[in-house]
Amino acid sequence: LSADSLPLLRVIGQVGAAYLVAEGPDGLYLIDQHAAHERVLFEKFMREAGKEIPSQALLHPQTFELPPQAASVLQSQLEVLNRWGFEVDYFGGNAFRVRRIPAILSGMDPVAAVRALVEDFEEDETPLQTEIEARVIARVCKRAAVKAGQILSGEEQVALVRDLERCHSPRTCPHGRPTMIHLSVDLLERQFGRRGSR
């Protein structure tokens, strides 16, 4: 195991509809469900980069409008979106229609996903560079990840932790925030004044 990898964890439950509690061989893990899901989505998305990204057709394509400058930026980047598993058509004026989104983002509002990308395209004039693609994808994943306050079923909790265990960098989200806090058995013993009692 690398220093970043996680041991196999046993999920105990959810606290405050925001954190997962899990037990490992070396102590307790408190996992931020939003940051963890961001990491999982980001790594899945990045693994697909350079390949044909699986996408999902919308039952009802959604039409939306953007301010003129944002519309111009999006129109110039439609090819990039198509490469990432979106299908967005220019609909005339400042309007566009979303027909498909990447399967990995199927739970996200399609228009919100496109708007998040446009915001990053507006900030960077070279969105085709790999590091900028990663940053844009990280932003979309942040919006798509489960939120704090979202109650997860037991199965969803376990699935999220298993996906996190498979990540290359499971201990931080794509933006560098920690996904978890580890409380070692030694630390717990010190906190409870049981040091040396084993």
# chains A, B, ... in the order shown; residues from 1 in each chain; ligands from 1
$ residues_around --residues "stretch 62-75 of chain A" --least-positions-apart "5" --cutoff "9 Å" --atoms "only C-alpha atoms" --output "MDAnalysis selection string"
chainID A and resid 81 89:91 93:99 110:111 114:115 117:119 121:122
$ closest_residue --among "A:Phe42, A:Tyr19, A:Tyr29, A:Phe86" --to "A:His175" --atoms "only C-alpha atoms"
A:Phe42
$ closest_residue --among "A:Leu20, A:Ala35, A:Leu41, A:Leu160" --to "A:Arg177" --atoms "only C-alpha atoms"
A:Ala35
$ atom_distance --atom1 "atom CA of A:Asp109" --atom2 "atom CA of A:Arg47"
22.4 Å
$ select_by_dssp --residues "stretch 7-190 of chain A" --states "helix (DSSP H, G or I)" --output "number ranges by chain"
A: 33-48, 68-76, 78-83, 103-105, 110-123, 130-144, 154-165, 185-190
$ atom_distance --atom1 "atom CA of A:Asp4" --atom2 "atom CA of A:Leu28"
16.3 Å
$ decode --residues "stretch 14-30 of chain A" --atoms "all heavy atoms" --output "tab-separated table (two decimals), in the first residue's frame"
chain	number	residue	atom	x	y	z
A	14	GLN	N	-23.56	7.09	9.43
A	14	GLN	CA	-23.49	8.49	8.99
A	14	GLN	C	-23.79	9.38	10.19
A	14	GLN	O	-24.65	9.07	11.00
A	14	GLN	CB	-24.52	8.71	7.87
A	14	GLN	CG	-24.46	10.05	7.19
A	14	GLN	CD	-25.49	10.18	6.08
A	14	GLN	OE1	-26.57	9.60	6.16
A	14	GLN	NE2	-25.16	10.94	5.05
A	15	VAL	N	-23.06	10.49	10.28
A	15	VAL	CA	-23.25	11.44	11.37
A	15	VAL	C	-23.58	12.81	10.78
A	15	VAL	O	-22.88	13.28	9.87
A	15	VAL	CB	-21.97	11.56	12.24
A	15	VAL	CG1	-22.14	12.63	13.30
A	15	VAL	CG2	-21.62	10.23	12.87
A	16	GLY	N	-24.64	13.43	11.29
A	16	GLY	CA	-24.99	14.77	10.85
A	16	GLY	C	-25.31	14.88	9.39
A	16	GLY	O	-25.21	15.97	8.81
A	17	ALA	N	-25.70	13.79	8.76
A	17	ALA	CA	-26.02	13.76	7.33
A	17	ALA	C	-24.91	14.41	6.49
A	17	ALA	O	-25.16	14.99	5.45
A	17	ALA	CB	-27.36	14.46	7.06
A	18	ALA	N	-23.66	14.29	6.97
A	18	ALA	CA	-22.54	14.91	6.26
A	18	ALA	C	-21.27	14.08	6.33
A	18	ALA	O	-20.41	14.19	5.47
A	18	ALA	CB	-22.26	16.30	6.81
A	19	TYR	N	-21.14	13.24	7.34
A	19	TYR	CA	-19.90	12.50	7.56
A	19	TYR	C	-20.20	11.01	7.72
A	19	TYR	O	-21.19	10.63	8.35
A	19	TYR	CB	-19.18	13.01	8.82
A	19	TYR	CG	-18.93	14.48	8.77
A	19	TYR	CD1	-19.76	15.37	9.43
A	19	TYR	CD2	-17.88	15.00	8.01
A	19	TYR	CE1	-19.57	16.74	9.35
A	19	TYR	CE2	-17.68	16.37	7.92
A	19	TYR	CZ	-18.53	17.23	8.60
A	19	TYR	OH	-18.32	18.58	8.51
A	20	LEU	N	-19.32	10.20	7.15
A	20	LEU	CA	-19.41	8.76	7.32
A	20	LEU	C	-18.41	8.35	8.38
A	20	LEU	O	-17.29	8.88	8.43
A	20	LEU	CB	-19.12	8.04	6.01
A	20	LEU	CG	-19.99	8.45	4.81
A	20	LEU	CD1	-19.62	7.62	3.59
A	20	LEU	CD2	-21.46	8.30	5.14
A	21	VAL	N	-18.80	7.41	9.22
A	21	VAL	CA	-17.91	6.88	10.25
A	21	VAL	C	-17.53	5.47	9.83
A	21	VAL	O	-18.40	4.66	9.49
A	21	VAL	CB	-18.62	6.84	11.63
A	21	VAL	CG1	-17.69	6.30	12.70
A	21	VAL	CG2	-19.13	8.23	12.00
A	22	ALA	N	-16.23	5.20	9.83
A	22	ALA	CA	-15.76	3.87	9.42
A	22	ALA	C	-14.63	3.44	10.35
A	22	ALA	O	-13.88	4.26	10.88
A	22	ALA	CB	-15.28	3.89	7.98
A	23	GLU	N	-14.52	2.13	10.52
A	23	GLU	CA	-13.46	1.56	11.35
A	23	GLU	C	-12.43	0.89	10.45
A	23	GLU	O	-12.79	0.18	9.51
A	23	GLU	CB	-14.05	0.53	12.31
A	23	GLU	CG	-13.01	-0.16	13.17
A	23	GLU	CD	-13.58	-1.32	13.96
A	23	GLU	OE1	-14.65	-1.84	13.59
A	23	GLU	OE2	-12.92	-1.73	14.93
A	24	GLY	N	-11.16	1.14	10.74
A	24	GLY	CA	-10.07	0.47	10.04
A	24	GLY	C	-9.24	-0.30	11.04
A	24	GLY	O	-9.47	-0.21	12.25
A	25	PRO	N	-8.25	-1.05	10.58
A	25	PRO	CA	-7.41	-1.82	11.50
A	25	PRO	C	-6.58	-0.94	12.43
A	25	PRO	O	-6.10	-1.39	13.46
A	25	PRO	CB	-6.52	-2.64	10.56
A	25	PRO	CG	-6.53	-1.90	9.28
A	25	PRO	CD	-7.85	-1.22	9.19
A	26	ASP	N	-6.45	0.34	12.06
A	26	ASP	CA	-5.60	1.25	12.83
A	26	ASP	C	-6.38	2.39	13.46
A	26	ASP	O	-5.83	3.42	13.80
A	26	ASP	CB	-4.50	1.80	11.93
A	26	ASP	CG	-5.05	2.43	10.66
A	26	ASP	OD1	-6.25	2.27	10.38
A	26	ASP	OD2	-4.28	3.10	9.95
A	27	GLY	N	-7.72	2.24	13.59
A	27	GLY	CA	-8.48	3.28	14.25
A	27	GLY	C	-9.77	3.64	13.54
A	27	GLY	O	-10.32	2.86	12.76
A	28	LEU	N	-10.20	4.86	13.81
A	28	LEU	CA	-11.48	5.36	13.33
A	28	LEU	C	-11.26	6.39	12.23
A	28	LEU	O	-10.34	7.19	12.30
A	28	LEU	CB	-12.19	6.02	14.53
A	28	LEU	CG	-13.66	6.35	14.41
A	28	LEU	CD1	-14.49	5.08	14.30
A	28	LEU	CD2	-14.10	7.14	15.65
A	29	TYR	N	-12.14	6.39	11.22
A	29	TYR	CA	-12.07	7.34	10.13
A	29	TYR	C	-13.40	8.10	10.06
A	29	TYR	O	-14.47	7.49	10.03
A	29	TYR	CB	-11.85	6.63	8.79
A	29	TYR	CG	-10.47	6.05	8.65
A	29	TYR	CD1	-10.13	4.85	9.26
A	29	TYR	CD2	-9.50	6.69	7.89
A	29	TYR	CE1	-8.86	4.31	9.13
A	29	TYR	CE2	-8.22	6.16	7.74
A	29	TYR	CZ	-7.92	4.97	8.37
A	29	TYR	OH	-6.65	4.44	8.24
A	30	LEU	N	-13.32	9.42	10.05
A	30	LEU	CA	-14.48	10.28	9.81
A	30	LEU	C	-14.32	10.82	8.40
A	30	LEU	O	-13.34	11.52	8.11
A	30	LEU	CB	-14.54	11.42	10.82
A	30	LEU	CG	-14.67	10.99	12.29
A	30	LEU	CD1	-14.59	12.20	13.20
A	30	LEU	CD2	-15.98	10.24	12.50
